[in-house]
Structure formats: structure tokens, C-alpha cells
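What follows is the content of data-v3.pdb, which has PDB, C-alpha atoms:
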MODEL        1
ATOM      1  CA  MET A   1      68.069   0.673 -19.755
ATOM      2  CA  ALA A   2      65.354   3.243 -19.124
ATOM      3  CA  LEU A   3      62.806   0.447 -19.105
ATOM      4  CA  ASP A   4      64.828  -1.573 -16.601
ATOM      5  CA  GLU A   5      65.045   1.403 -14.262
ATOM      6  CA  THR A   6      61.306   1.928 -14.744
ATOM      7  CA  MET A   7      60.683  -1.684 -13.742
ATOM      8  CA  LEU A   8      62.659  -1.266 -10.528
ATOM      9  CA  ILE A   9      60.863   1.981  -9.639
ATOM     10  CA  LEU A  10      57.396   0.560 -10.319
ATOM     11  CA  HIS A  11      58.145  -2.746  -8.600
ATOM     12  CA  SER A  12      59.395  -0.904  -5.503
ATOM     13  CA  GLN A  13      55.999   0.851  -5.413
ATOM     14  CA  ASN A  14      54.200  -2.499  -5.784
ATOM     15  CA  ILE A  15      52.787  -1.355  -9.127
ATOM     16  CA  ILE A  16      54.171  -4.199 -11.263
ATOM     17  CA  PRO A  17      54.628  -7.856 -10.331
ATOM     18  CA  ASP A  18      57.894  -9.817 -10.254
ATOM     19  CA  THR A  19      59.038  -9.780 -13.866
ATOM     20  CA  VAL A  20      61.493 -11.494 -16.188
ATOM     21  CA  ARG A  21      62.327  -9.621 -19.399
ATOM     22  CA  ILE A  22      64.440 -10.830 -22.296
ATOM     23  CA  TRP A  23      65.742  -8.071 -24.536
ATOM     24  CA  GLY A  24      68.764  -6.796 -26.420
ATOM     25  CA  PHE A  25      70.823  -3.776 -27.380
ATOM     26  CA  LYS A  26      70.823  -2.332 -30.880
ATOM     27  CA  PRO A  27      73.346  -1.119 -31.950
ATOM     28  CA  THR A  28      76.161  -2.917 -30.120
ATOM     29  CA  THR A  29      76.766  -0.900 -26.951
ATOM     30  CA  LEU A  30      79.192  -0.727 -24.047
ATOM     31  CA  SER A  31      77.523  -0.283 -20.678
ATOM     32  CA  ILE A  32      79.393   0.608 -17.516
ATOM     33  CA  GLY A  33      78.433   0.145 -13.892
ATOM     34  CA  ARG A  34      76.984   3.064 -11.978
ATOM     35  CA  PHE A  35      80.060   3.486  -9.799
ATOM     36  CA  LEU A  36      82.764   3.176 -12.456
ATOM     37  CA  SER A  37      84.764   6.063 -13.824
ATOM     38  CA  VAL A  38      84.876   6.183 -17.609
ATOM     39  CA  LYS A  39      88.575   7.052 -17.719
ATOM     40  CA  ASP A  40      89.575   3.980 -15.690
ATOM     41  CA  TRP A  41      87.408   1.383 -17.455
ATOM     42  CA  VAL A  42      86.795   2.473 -21.038
ATOM     43  CA  ASP A  43      89.256   2.630 -23.922
ATOM     44  CA  GLU A  44      87.630   5.611 -25.566
ATOM     45  CA  GLU A  45      89.847   5.418 -28.661
ATOM     46  CA  GLU A  46      88.741   1.837 -29.358
ATOM     47  CA  LEU A  47      85.167   2.777 -28.576
ATOM     48  CA  LYS A  48      85.344   5.539 -31.164
ATOM     49  CA  ARG A  49      86.995   3.203 -33.681
ATOM     50  CA  PHE A  50      84.154   0.672 -33.331
ATOM     51  CA  ASN A  51      81.611   3.494 -33.117
ATOM     52  CA  PHE A  52      79.822   1.920 -30.140
ATOM     53  CA  PRO A  53      77.630   4.058 -27.884
ATOM     54  CA  LEU A  54      78.510   4.163 -24.197
ATOM     55  CA  ILE A  55      75.881   4.205 -21.479
ATOM     56  CA  ARG A  56      76.088   4.255 -17.703
ATOM     57  CA  ARG A  57      73.809   1.732 -16.007
ATOM     58  CA  PHE A  58      71.858   2.440 -12.829
ATOM     59  CA  THR A  59      73.219  -0.876 -11.501
ATOM     60  CA  GLY A  60      76.661  -1.479 -10.055
ATOM     61  CA  GLY A  61      79.246  -3.881 -11.463
ATOM     62  CA  GLY A  62      81.773  -3.721 -14.260
ATOM     63  CA  PRO A  63      81.754  -2.759 -17.927
ATOM     64  CA  THR A  64      79.689  -4.966 -20.233
ATOM     65  CA  LEU A  65      79.805  -5.296 -23.986
ATOM     66  CA  HIS A  66      76.380  -5.899 -25.516
ATOM     67  CA  ASP A  67      76.966  -7.315 -28.998
ATOM     68  CA  GLU A  68      73.733  -6.943 -30.931
ATOM     69  CA  ASN A  69      74.589 -10.088 -32.915
ATOM     70  CA  GLY A  70      75.904 -12.279 -30.138
ATOM     71  CA  GLU A  71      74.454 -11.353 -26.777
ATOM     72  CA  ILE A  72      71.026 -11.450 -25.191
ATOM     73  CA  THR A  73      70.255  -9.203 -22.268
ATOM     74  CA  TRP A  74      67.848 -10.391 -19.577
ATOM     75  CA  THR A  75      66.328  -8.726 -16.522
ATOM     76  CA  VAL A  76      64.692 -10.017 -13.357
ATOM     77  CA  VAL A  77      62.938  -7.827 -10.807
ATOM     78  CA  LEU A  78      61.596  -9.272  -7.575
ATOM     79  CA  HIS A  79      61.164  -8.595  -3.881
ATOM     80  CA  GLY A  80      64.228  -9.029  -1.707
ATOM     81  CA  GLU A  81      66.862  -7.301   0.364
ATOM     82  CA  ASP A  82      69.954  -9.407  -0.235
ATOM     83  CA  LEU A  83      71.501  -8.894  -3.648
ATOM     84  CA  LEU A  84      73.876 -11.848  -3.367
ATOM     85  CA  SER A  85      71.048 -14.317  -2.743
ATOM     86  CA  VAL A  86      69.221 -12.981  -5.817
ATOM     87  CA  TYR A  87      72.363 -13.401  -7.941
ATOM     88  CA  LYS A  88      72.503 -16.978  -6.686
ATOM     89  CA  MET A  89      68.831 -17.628  -7.465
ATOM     90  CA  VAL A  90      69.017 -16.091 -10.944
ATOM     91  CA  SER A  91      72.222 -18.000 -11.671
ATOM     92  CA  GLU A  92      70.285 -21.269 -11.266
ATOM     93  CA  ALA A  93      68.102 -20.229 -14.219
ATOM     94  CA  LEU A  94      71.080 -19.271 -16.328
ATOM     95  CA  ILE A  95      73.030 -22.426 -15.493
ATOM     96  CA  LYS A  96      69.957 -24.390 -16.585
ATOM     97  CA  ALA A  97      69.817 -22.368 -19.830
ATOM     98  CA  ILE A  98      73.479 -23.118 -20.505
ATOM     99  CA  SER A  99      72.913 -26.816 -19.829
ATOM    100  CA  HIS A 100      70.558 -26.764 -22.853
ATOM    101  CA  PHE A 101      73.763 -26.719 -24.913
ATOM    102  CA  GLY A 102      75.335 -29.604 -22.986
ATOM    103  CA  LEU A 103      77.672 -27.287 -21.076
ATOM    104  CA  LYS A 104      78.213 -27.299 -17.317
ATOM    105  CA  ALA A 105      78.436 -23.816 -15.842
ATOM    106  CA  SER A 106      78.766 -22.677 -12.264
ATOM    107  CA  PHE A 107      78.016 -19.593 -10.186
ATOM    108  CA  SER A 108      81.181 -17.630  -9.393
ATOM    109  CA  PRO A 109      80.334 -15.176  -6.630
ATOM    110  CA  ILE A 110      79.751 -12.387  -6.579
ATOM    111  CA  ASN A 111      78.057 -11.895  -9.926
ATOM    112  CA  ASP A 112      79.461 -14.157 -12.636
ATOM    113  CA  ILE A 113      78.608 -17.485 -14.205
ATOM    114  CA  THR A 114      81.626 -19.280 -15.551
ATOM    115  CA  ILE A 115      82.638 -22.350 -17.491
ATOM    116  CA  ASP A 116      86.194 -23.558 -16.802
ATOM    117  CA  GLY A 117      86.988 -20.201 -15.210
ATOM    118  CA  LYS A 118      85.770 -18.111 -18.159
ATOM    119  CA  LYS A 119      82.809 -15.787 -17.764
ATOM    120  CA  VAL A 120      79.835 -16.545 -20.030
ATOM    121  CA  VAL A 121      77.273 -14.565 -18.051
ATOM    122  CA  GLY A 122      77.817 -11.359 -16.114
ATOM    123  CA  MET A 123      75.200  -9.967 -13.764
ATOM    124  CA  ALA A 124      74.617  -6.543 -12.255
ATOM    125  CA  GLY A 125      72.032  -5.371  -9.775
ATOM    126  CA  ALA A 126      70.459  -2.568  -7.833
ATOM    127  CA  ILE A 127      68.194  -2.333  -4.796
ATOM    128  CA  LYS A 128      65.310   0.088  -4.265
ATOM    129  CA  LYS A 129      63.310  -0.180  -1.057
ATOM    130  CA  LYS A 130      62.406  -3.897  -0.866
ATOM    131  CA  SER A 131      62.882  -4.572  -4.570
ATOM    132  CA  ILE A 132      65.918  -5.941  -6.343
ATOM    133  CA  LEU A 133      66.612  -5.762 -10.049
ATOM    134  CA  VAL A 134      69.274  -7.977 -11.559
ATOM    135  CA  HIS A 135      70.135  -7.875 -15.230
ATOM    136  CA  GLY A 136      72.911  -9.347 -17.281
ATOM    137  CA  THR A 137      74.402 -10.743 -20.424
ATOM    138  CA  PHE A 138      73.996 -14.128 -22.048
ATOM    139  CA  MET A 139      76.974 -14.330 -24.362
ATOM    140  CA  TYR A 140      75.991 -16.928 -26.910
ATOM    141  CA  ALA A 141      78.195 -15.611 -29.716
ATOM    142  CA  THR A 142      79.667 -12.244 -28.685
ATOM    143  CA  ASN A 143      82.503 -11.054 -30.906
ATOM    144  CA  LEU A 144      85.304 -11.131 -28.349
ATOM    145  CA  ASP A 145      87.425  -8.708 -30.369
ATOM    146  CA  PHE A 146      84.957  -6.031 -29.284
ATOM    147  CA  MET A 147      86.255  -6.477 -25.712
ATOM    148  CA  LYS A 148      89.106  -4.141 -26.694
ATOM    149  CA  VAL A 149      86.829  -1.252 -25.751
ATOM    150  CA  ILE A 150      87.077  -2.357 -22.117
ATOM    151  CA  LYS A 151      90.045  -1.068 -20.166
ATOM    152  CA  SER A 152      90.909  -2.770 -16.893
ATOM    153  CA  PRO A 153      92.555  -0.933 -14.010
ATOM    154  CA  LYS A 154      96.096  -2.174 -13.368
ATOM    155  CA  VAL A 155      95.232  -4.049 -10.150
ATOM    156  CA  LYS A 156      92.561  -6.056 -11.965
ATOM    157  CA  GLU A 157      94.581  -6.768 -15.088
ATOM    158  CA  GLU A 158      97.517  -8.022 -13.002
ATOM    159  CA  VAL A 159      95.296 -10.673 -11.409
ATOM    160  CA  ARG A 160      92.760 -11.476 -14.134
ATOM    161  CA  GLY A 161      94.426 -10.516 -17.420
ATOM    162  CA  GLU A 162      92.811  -8.412 -20.139
ATOM    163  CA  ALA A 163      89.050  -8.432 -20.672
ATOM    164  CA  LYS A 164      89.088 -10.666 -23.769
ATOM    165  CA  SER A 165      90.994 -13.424 -21.949
ATOM    166  CA  ARG A 166      88.485 -13.524 -19.080
ATOM    167  CA  VAL A 167      85.387 -14.379 -21.118
ATOM    168  CA  ALA A 168      84.040 -17.087 -23.414
ATOM    169  CA  THR A 169      80.843 -17.538 -25.388
ATOM    170  CA  ILE A 170      78.562 -20.533 -25.725
ATOM    171  CA  SER A 171      79.504 -20.694 -29.423
ATOM    172  CA  SER A 172      83.257 -20.501 -28.806
ATOM    173  CA  LEU A 173      83.009 -23.328 -26.286
ATOM    174  CA  LEU A 174      80.923 -25.502 -28.591
ATOM    175  CA  GLY A 175      82.963 -24.810 -31.702
ATOM    176  CA  TYR A 176      79.969 -23.766 -33.804
ATOM    177  CA  ARG A 177      77.776 -20.681 -33.948
ATOM    178  CA  VAL A 178      74.644 -20.909 -31.815
ATOM    179  CA  LYS A 179      71.559 -19.267 -33.343
ATOM    180  CA  LYS A 180      69.926 -16.384 -31.501
ATOM    181  CA  GLU A 181      66.526 -18.107 -31.500
ATOM    182  CA  GLU A 182      67.996 -21.175 -29.795
ATOM    183  CA  ALA A 183      69.717 -19.000 -27.196
ATOM    184  CA  ILE A 184      66.445 -17.201 -26.437
ATOM    185  CA  GLN A 185      64.610 -20.520 -26.160
ATOM    186  CA  ALA A 186      67.262 -21.832 -23.764
ATOM    187  CA  LEU A 187      66.896 -18.690 -21.635
ATOM    188  CA  ILE A 188      63.113 -19.054 -21.486
ATOM    189  CA  GLU A 189      63.502 -22.686 -20.434
ATOM    190  CA  GLY A 190      66.078 -21.707 -17.828
ATOM    191  CA  PHE A 191      64.001 -18.930 -16.289
ATOM    192  CA  SER A 192      60.880 -21.133 -16.397
ATOM    193  CA  SER A 193      62.704 -23.745 -14.323
ATOM    194  CA  VAL A 194      63.165 -21.269 -11.463
ATOM    195  CA  PHE A 195      60.289 -18.794 -11.826
ATOM    196  CA  LYS A 196      56.636 -19.361 -12.574
ATOM    197  CA  LEU A 197      56.342 -17.431 -15.824
ATOM    198  CA  GLU A 198      53.361 -16.269 -17.812
ATOM    199  CA  GLU A 199      53.606 -14.149 -20.915
ATOM    200  CA  GLY A 200      52.906 -10.457 -20.509
ATOM    201  CA  SER A 201      53.340  -7.141 -22.205
ATOM    202  CA  LEU A 202      54.406  -3.671 -21.136
ATOM    203  CA  THR A 203      51.823  -1.536 -19.386
ATOM    204  CA  GLU A 204      51.097   2.026 -20.475
ATOM    205  CA  LEU A 205      52.647   3.273 -17.252
ATOM    206  CA  GLU A 206      55.864   1.374 -17.931
ATOM    207  CA  ILE A 207      56.043   2.786 -21.452
ATOM    208  CA  GLU A 208      55.357   6.347 -20.302
ATOM    209  CA  LEU A 209      57.817   6.312 -17.418
ATOM    210  CA  ALA A 210      60.506   4.631 -19.537
ATOM    211  CA  ASN A 211      60.056   7.283 -22.223
ATOM    212  CA  SER A 212      60.505  10.017 -19.655
ATOM    213  CA  LEU A 213      63.702   8.364 -18.350
ATOM    214  CA  LYS A 214      65.255   7.944 -21.801
ATOM    215  CA  PHE A 215      66.887  11.368 -21.630
ATOM    216  CA  LYS A 216      69.080  10.163 -18.768
ATOM    217  CA  TYR A 217      70.690   7.394 -20.800
ATOM    218  CA  THR A 218      71.467   9.598 -23.765
ATOM    219  CA  ASN A 219      72.817  12.435 -21.638
ATOM    220  CA  GLU A 220      76.584  12.828 -21.303
ATOM    221  CA  LYS A 221      76.214  14.337 -17.834
ATOM    222  CA  TRP A 222      74.965  10.937 -16.651
ATOM    223  CA  THR A 223      77.327   8.848 -18.801
ATOM    224  CA  TYR A 224      80.375  10.816 -17.662
ATOM    225  CA  LEU A 225      79.166  11.260 -14.082
ATOM    226  CA  ARG A 226      82.396   9.706 -12.851
TER     227      ARG A 226
ATOM    228  CA  MET B   1      96.291  10.993  -4.831
ATOM    229  CA  ILE B   2      94.909   7.827  -6.408
ATOM    230  CA  CYS B   3      95.061   4.317  -4.950
ATOM    231  CA  GLN B   4      93.672   1.095  -6.395
ATOM    232  CA  PHE B   5      93.036  -2.215  -4.698
ATOM    233  CA  ARG B   6      91.344  -5.551  -5.325
ATOM    234  CA  SER B   7      89.036  -6.580  -2.525
ATOM    235  CA  LYS B   8      89.105 -10.086  -1.077
ATOM    236  CA  ALA B   9      85.787 -10.668  -2.856
ATOM    237  CA  GLY B  10      87.384  -9.763  -6.194
ATOM    238  CA  LYS B  11      86.099  -6.240  -6.741
ATOM    239  CA  THR B  12      88.273  -3.399  -7.953
ATOM    240  CA  VAL B  13      88.189  -0.170  -5.964
ATOM    241  CA  ILE B  14      89.805   3.124  -6.905
ATOM    242  CA  ILE B  15      90.124   5.828  -4.245
ATOM    243  CA  HIS B  16      90.778   9.387  -5.346
ATOM    244  CA  ILE B  17      91.835  11.627  -2.471
ATOM    245  CA  TYR B  18      91.478  15.327  -3.173
ATOM    246  CA  GLU B  19      92.098  18.258  -0.850
ATOM    247  CA  ASP B  20      88.438  18.804  -0.106
ATOM    248  CA  HIS B  21      86.808  15.432  -0.841
ATOM    249  CA  VAL B  22      87.262  11.730  -1.430
ATOM    250  CA  GLU B  23      85.862   9.961  -4.492
ATOM    251  CA  VAL B  24      85.441   6.190  -4.591
ATOM    252  CA  THR B  25      84.771   4.319  -7.835
ATOM    253  CA  GLY B  26      84.687   0.635  -8.685
ATOM    254  CA  ASP B  27      82.724  -2.444  -9.751
ATOM    255  CA  PHE B  28      81.125  -3.064  -6.335
ATOM    256  CA  PHE B  29      77.403  -2.868  -5.530
ATOM    257  CA  THR B  30      75.913  -0.236  -3.272
ATOM    258  CA  THR B  31      73.537   2.712  -3.469
ATOM    259  CA  GLU B  32      74.337   6.310  -4.372
ATOM    260  CA  GLU B  33      73.389   7.354  -0.826
ATOM    261  CA  ASP B  34      75.632   4.767   0.831
ATOM    262  CA  LEU B  35      78.537   5.599  -1.453
ATOM    263  CA  GLU B  36      78.175   9.248  -0.448
ATOM    264  CA  LYS B  37      78.220   8.200   3.230
ATOM    265  CA  ILE B  38      81.378   6.150   2.599
ATOM    266  CA  GLU B  39      83.094   9.062   0.852
ATOM    267  CA  ARG B  40      82.077  11.453   3.642
ATOM    268  CA  SER B  41      83.372   9.125   6.380
ATOM    269  CA  LEU B  42      86.684   8.654   4.588
ATOM    270  CA  LYS B  43      87.046  12.393   4.089
ATOM    271  CA  GLU B  44      86.680  12.771   7.862
ATOM    272  CA  GLY B  45      89.212   9.972   8.356
ATOM    273  CA  LYS B  46      86.594   7.672   9.871
ATOM    274  CA  LYS B  47      85.704   4.082   9.092
ATOM    275  CA  PRO B  48      82.407   3.935   7.137
ATOM    276  CA  GLU B  49      79.591   2.352   9.137
ATOM    277  CA  ASN B  50      75.955   1.359   8.638
ATOM    278  CA  VAL B  51      76.219   1.218   4.873
ATOM    279  CA  TYR B  52      75.473  -1.550   2.379
ATOM    280  CA  ILE B  53      78.277  -2.408  -0.004
ATOM    281  CA  LEU B  54      78.573  -5.795  -1.693
ATOM    282  CA  GLY B  55      82.027  -6.844  -2.792
ATOM    283  CA  VAL B  56      84.163  -4.895  -0.316
ATOM    284  CA  ASP B  57      84.402  -5.478   3.422
ATOM    285  CA  LEU B  58      84.300  -2.190   5.343
ATOM    286  CA  ASP B  59      87.290  -3.074   7.560
ATOM    287  CA  GLU B  60      89.267  -3.942   4.451
ATOM    288  CA  PHE B  61      88.101  -0.714   2.802
ATOM    289  CA  TYR B  62      89.227   1.442   5.705
ATOM    290  CA  GLU B  63      92.560  -0.354   6.004
ATOM    291  CA  LYS B  64      93.291   0.249   2.311
ATOM    292  CA  PHE B  65      92.238   3.883   2.651
ATOM    293  CA  LEU B  66      94.660   4.395   5.561
ATOM    294  CA  GLU B  67      97.455   2.749   3.561
ATOM    295  CA  CYS B  68      96.664   5.124   0.718
ATOM    296  CA  VAL B  69      96.766   8.190   2.989
ATOM    297  CA  LYS B  70     100.145   7.107   4.381
ATOM    298  CA  LYS B  71     101.590   7.037   0.870
TER     299      LYS B  71
ENDMDL
END
Give the structure from this file in C-alpha cells form.
Amino acid sequence: MALDETMLILHSQNIIPDTVRIWGFKPTTLSIGRFLSVKDWVDEEELKRFNFPLIRRFTGGGPTLHDENGEITWTVVLHGEDLLSVYKMVSEALIKAISHFGLKASFSPINDITIDGKKVVGMAGAIKKKSILVHGTFMYATNLDFMKVIKSPKVKEEVRGEAKSRVATISSLLGYRVKKEEAIQALIEGFSSVFKLEEGSLTELEIELANSLKFKYTNEKWTYLR
Amino acid sequence: MICQFRSKAGKTVIIHIYEDHVEVTGDFFTTEEDLEKIERSLKEGKKPENVYILGVDLDEFYEKFLECVKK
């Protein structure tokens, strides 16, 4: 998360180019959107039972479960001013990645990608100056029982049901377990279909700034800000 | 006082009204600065203006806030 925030800061200063990053959480972690309150969106008893860390993102949006064995996290940072149009653009890449498995997904504004009404990809974003960072989940085999750690406010649950019932994974839709390597390959193909990619590595500046931001994401004052 | 509502765009907003301030939380997209402006406007009983928030229309936001105050 510190590295994602670093990317947005450096991109907004024109220090790094438009970037796509594919990464993952270890251990399995629950992230919450910047403007959520922990007490309204997190079942802290379940979180303790599963022993998952909780972190607050610098991006808006809802709570997201990052299963280290069933979810790939991806990030895109580029120039722009309209978050919705970037969600739309990035969703094209993810829909293409999902089509690798013979599944037809669609963009569900504002920030979801769904198959038959179930979310398989969730996106979240933030804007800094003229830069936009969007990151999200690619749930290829997330253990949906872990969704118990997410609590939905009454007004959401009345309309959408509990968290577990709102999502699906590529594996659950196919009826067999997709391998992580295949999911990563599909993501690379998907992003390559929309963005002109060339392989790169982290710069020293990115590493240094990310290291200095790490404290924020392990600090309870930030996690429990709201 | 706490009020919750689902925006037309499908975002969940929770408004906490305290004696001396208003706190807004939810799964919308904005910036820390704009959220502060929204909270300040609501505290003063005014409709928030000139702020970026994706997922909640400002007219809708203000209407729901007024409904909450009436309760």
C-alpha cells in the first residue's frame, strides 16, 4: 500500500511514467477505503478469529479482502482528472483478462466488474493533482468464507445482501481451481491489450519513499482514523 | 445522531451529526480536503459546493442531510 501511495505521489510530480503493477498481499489482509469507519464496515471479532491484519487504504471505496492464496492485486497510475473514465478504461483490461477463462464480464459503474451480477473485480482510486491511481482485486480463487470479516451497514445489506453473497471468483464460476500463474498471465494479457507495456523495476526513489511511508500503514492512528 | 443512506449511484453514506461537528463516512470517492469542505458546509447547514465526490450527487447529499436533521 505504501508503494502504491508512493507511485501516486511520484507520478503527480512527473517523476515516474504511467505504470501498471501486479502484486499481492501476504498474509491475507482486509483493506478498507479511506473514508470508511472501522466500526461500521469491519466485523472485528471475525477479523480477530481469522487473525487478518486490517489496513486503511489511501483510496476511497469499500472494504476489500485480499486472500493471499486466491486474489491478485493490481495497480494502474496514469494522467487524468476523471476517476470514472479511468475505472472504465481499466475495466476493459480486466474484462479482457477474464475472457481468457471463457467468461463474459461487464463493467458495473461505479467501480465493479461483474459476471451475472456478482462482483469478481473491485476497484478503488484516488486523485492527486493531474494523476489518478486505480487499484483493485482480481478474485481468481478467493476463499469466500473470509468475507465474514466484512460488515455491511444496514442500508447496504438491505439492498445488496451480505458481502459473501455479492461476490464470485473465477474459480467458483468455472467449477475448478484456477492456478495463480494462469491468473497472472491473464492479467498481463488483459493490461497489454489496453496499455503499451514494457517490463520495468522499482527505482531507488520509489523504494526509499515507500519505506518511509510504511509506518503509516502499520499505525493504528491511521487505520482507526474513522 | 446517525443517519445512513444509499445514493442513487449505489454508494453507502453515513452521516454522524454531533453538537460541534458533522462527520461523513462511506464508500464514495473524494479527497480529504473536499470531504472536510463537505463536513464544514453541512455543519453550517449549507449545501456543499465546488467539491469533487464520485458516487453521491451533492443535491441528493444535502437533501438526505436535511432529512436527517429533521429526525
How close does chain B get to chain A? List, as JSON lines, each residue of chain B within 12 Å, its nearest atom pair and the distance in Å to one decimal, counting all atoms listed in the file.
{"residue": "B:Ile2", "atom": "CA", "partner": "A:Asp40", "partner_atom": "CA", "distance": 11.4}
{"residue": "B:Cys3", "atom": "CA", "partner": "A:Val155", "partner_atom": "CA", "distance": 9.9}
{"residue": "B:Gln4", "atom": "CA", "partner": "A:Val155", "partner_atom": "CA", "distance": 6.6}
{"residue": "B:Phe5", "atom": "CA", "partner": "A:Val155", "partner_atom": "CA", "distance": 6.2}
{"residue": "B:Arg6", "atom": "CA", "partner": "A:Val155", "partner_atom": "CA", "distance": 6.4}
{"residue": "B:Ser7", "atom": "CA", "partner": "A:Lys156", "partner_atom": "CA", "distance": 10.1}
{"residue": "B:Lys8", "atom": "CA", "partner": "A:Ile110", "partner_atom": "CA", "distance": 11.1}
{"residue": "B:Ala9", "atom": "CA", "partner": "A:Ile110", "partner_atom": "CA", "distance": 7.3}
{"residue": "B:Gly10", "atom": "CA", "partner": "A:Ile110", "partner_atom": "CA", "distance": 8.1}
{"residue": "B:Lys11", "atom": "CA", "partner": "A:Lys156", "partner_atom": "CA", "distance": 8.3}
{"residue": "B:Thr12", "atom": "CA", "partner": "A:Lys156", "partner_atom": "CA", "distance": 6.4}
{"residue": "B:Val13", "atom": "CA", "partner": "A:Val155", "partner_atom": "CA", "distance": 9.1}
{"residue": "B:Ile14", "atom": "CA", "partner": "A:Pro153", "partner_atom": "CA", "distance": 8.6}
{"residue": "B:Ile15", "atom": "CA", "partner": "A:Ser37", "partner_atom": "CA", "distance": 11.0}
{"residue": "B:His16", "atom": "CA", "partner": "A:Ser37", "partner_atom": "CA", "distance": 10.9}
{"residue": "B:Glu23", "atom": "CA", "partner": "A:Arg226", "partner_atom": "CA", "distance": 9.1}
{"residue": "B:Val24", "atom": "CA", "partner": "A:Phe35", "partner_atom": "CA", "distance": 8.0}
{"residue": "B:Thr25", "atom": "CA", "partner": "A:Leu36", "partner_atom": "CA", "distance": 5.2}
{"residue": "B:Gly26", "atom": "CA", "partner": "A:Leu36", "partner_atom": "CA", "distance": 4.9}
{"residue": "B:Asp27", "atom": "CA", "partner": "A:Gly61", "partner_atom": "CA", "distance": 4.1}
{"residue": "B:Phe28", "atom": "CA", "partner": "A:Gly61", "partner_atom": "CA", "distance": 5.5}
{"residue": "B:Phe29", "atom": "CA", "partner": "A:Gly60", "partner_atom": "CA", "distance": 4.8}
{"residue": "B:Thr30", "atom": "CA", "partner": "A:Gly60", "partner_atom": "CA", "distance": 6.9}
{"residue": "B:Thr31", "atom": "CA", "partner": "A:Ile127", "partner_atom": "CA", "distance": 7.5}
{"residue": "B:Glu32", "atom": "CA", "partner": "A:Phe35", "partner_atom": "CA", "distance": 8.4}
{"residue": "B:Glu33", "atom": "CA", "partner": "A:Lys128", "partner_atom": "CA", "distance": 11.4}
{"residue": "B:Asp34", "atom": "CA", "partner": "A:Phe35", "partner_atom": "CA", "distance": 11.6}
{"residue": "B:Leu35", "atom": "CA", "partner": "A:Phe35", "partner_atom": "CA", "distance": 8.7}
{"residue": "B:Glu36", "atom": "CA", "partner": "A:Phe35", "partner_atom": "CA", "distance": 11.1}
{"residue": "B:Tyr52", "atom": "CA", "partner": "A:Asp82", "partner_atom": "CA", "distance": 10.0}
{"residue": "B:Ile53", "atom": "CA", "partner": "A:Leu83", "partner_atom": "CA", "distance": 10.1}
{"residue": "B:Leu54", "atom": "CA", "partner": "A:Leu84", "partner_atom": "CA", "distance": 7.8}
{"residue": "B:Gly55", "atom": "CA", "partner": "A:Ile110", "partner_atom": "CA", "distance": 7.1}
{"residue": "B:Val56", "atom": "CA", "partner": "A:Ile110", "partner_atom": "CA", "distance": 10.7}
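Take the PyMOL selection byres ((chain B and resi 61-64) around 8) and apply it to this file: it picks Phe5, Ser7, Leu42, Lys46, Lys47, Pro48, Val56, Asp57, Leu58, Asp59, Glu60, Phe65, Leu66, Glu67 and Cys68 of chain B.
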Checklist entry - Separation of atom CA of A:Leu225 and atom CA of A:Ser165, in Å? => result 28.5 Å
Next on the checklist: So that I can see what lies close to A:Val120, please list as a ChimeraX atom specification the residues with an atom at most 9 Å from it, counting all atoms listed in the file and leaving out residues fewer than 2 positions away in the same chain.
Outcome noted: /A:105,112-115,118,122,137-140,167-170
Output C-alpha atoms of each residue in that selection to a file, as a compact mmCIF listing (two decimals), in the frame of the given file.
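Output below, filename selection-v6.txt:
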# COMPACT_ATOMS: atom_id res chain seq x y z
CA ALA A 105 78.44 -23.82 -15.84
CA ASP A 112 79.46 -14.16 -12.64
CA ILE A 113 78.61 -17.48 -14.20
CA THR A 114 81.63 -19.28 -15.55
CA ILE A 115 82.64 -22.35 -17.49
CA LYS A 118 85.77 -18.11 -18.16
CA GLY A 122 77.82 -11.36 -16.11
CA THR A 137 74.40 -10.74 -20.42
CA PHE A 138 74.00 -14.13 -22.05
CA MET A 139 76.97 -14.33 -24.36
CA TYR A 140 75.99 -16.93 -26.91
CA VAL A 167 85.39 -14.38 -21.12
CA ALA A 168 84.04 -17.09 -23.41
CA THR A 169 80.84 -17.54 -25.39
CA ILE A 170 78.56 -20.53 -25.72
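Every protein, DNA or RNA residue with an atom at most 12 Å from B:Glu19, where all atoms listed in the file count and chain neighbours fewer than 3 positions away do not, is listed here: B:Met1, B:His16, B:Val22, B:Glu23, B:Lys43, B:Glu44, B:Val69.
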Could you list the residues chosen by the PyMOL selection byres ((chain A and resi 28) around 10) in this structure as a tab-separated table (two decimals) with C-alpha atoms, in the frame of the given file?
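part_18.tsv was written with the following content:
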chain	number	residue	atom	x	y	z
A	24	GLY	CA	68.76	-6.80	-26.42
A	25	PHE	CA	70.82	-3.78	-27.38
A	26	LYS	CA	70.82	-2.33	-30.88
A	27	PRO	CA	73.35	-1.12	-31.95
A	29	THR	CA	76.77	-0.90	-26.95
A	30	LEU	CA	79.19	-0.73	-24.05
A	31	SER	CA	77.52	-0.28	-20.68
A	50	PHE	CA	84.15	0.67	-33.33
A	51	ASN	CA	81.61	3.49	-33.12
A	52	PHE	CA	79.82	1.92	-30.14
A	53	PRO	CA	77.63	4.06	-27.88
A	54	LEU	CA	78.51	4.16	-24.20
A	65	LEU	CA	79.81	-5.30	-23.99
A	66	HIS	CA	76.38	-5.90	-25.52
A	67	ASP	CA	76.97	-7.32	-29.00
A	68	GLU	CA	73.73	-6.94	-30.93
A	69	ASN	CA	74.59	-10.09	-32.92
A	70	GLY	CA	75.90	-12.28	-30.14
A	71	GLU	CA	74.45	-11.35	-26.78
A	146	PHE	CA	84.96	-6.03	-29.28
What residues have an atom no more than 6 Å from (76.9, 7.4, -21.4) in the file's own frame, counting only C-alpha atoms, and can you write them as an mmCIF file with C-alpha atoms, in the frame of the given file?
data_model
loop_
_atom_site.group_PDB
_atom_site.id
_atom_site.type_symbol
_atom_site.label_atom_id
_atom_site.label_comp_id
_atom_site.auth_asym_id
_atom_site.auth_seq_id
_atom_site.Cartn_x
_atom_site.Cartn_y
_atom_site.Cartn_z
ATOM 1 C CA LEU A 54 78.510 4.163 -24.197
ATOM 2 C CA ILE A 55 75.881 4.205 -21.479
ATOM 3 C CA ARG A 56 76.088 4.255 -17.703
ATOM 4 C CA GLU A 220 76.584 12.828 -21.303
ATOM 5 C CA THR A 223 77.327 8.848 -18.801
#
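Atom pair atom CA of A:Ile188 / atom CA of A:Phe107: separated by 18.7 Å.
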Checklist outcome for this item: Here atom CA of A:Val76 and atom CA of A:Lys196 stand apart by 12.4 Å
Checklist entry - Of the candidates A:Ala141, A:Ala210, A:Val90, A:Leu202, which one gets nearest to A:Ile9 if we count all atoms listed in the file? => result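 Comparing A:Ala141, A:Ala210, A:Val90, A:Leu202 against A:Ile9, the winner is A:Ala210.
Minimum atom-to-atom distance to A:Arg49, evaluated using only C-alpha atoms, belongs to A:Lys148 out of A:Lys104, A:Arg21, A:Leu205, A:Lys148.
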Checklist entry - Applied to the shown file, which residues does the PyMOL selection byres ((chain A and resi 92) around 12) return, written as a PyMOL selection string? => result chain A and resi 85-91+93-99+104-108+112-113+121+187+189-195
Next on the checklist: Within 12 Å of (57.0, -3.6, -7.6) (file coordinates; all atoms listed in the file), which protein or nucleic acid residues are there? I'd like them as an MDAnalysis selection string.
Outcome noted: chainID A and resid 5:19 76:80 127:133 206
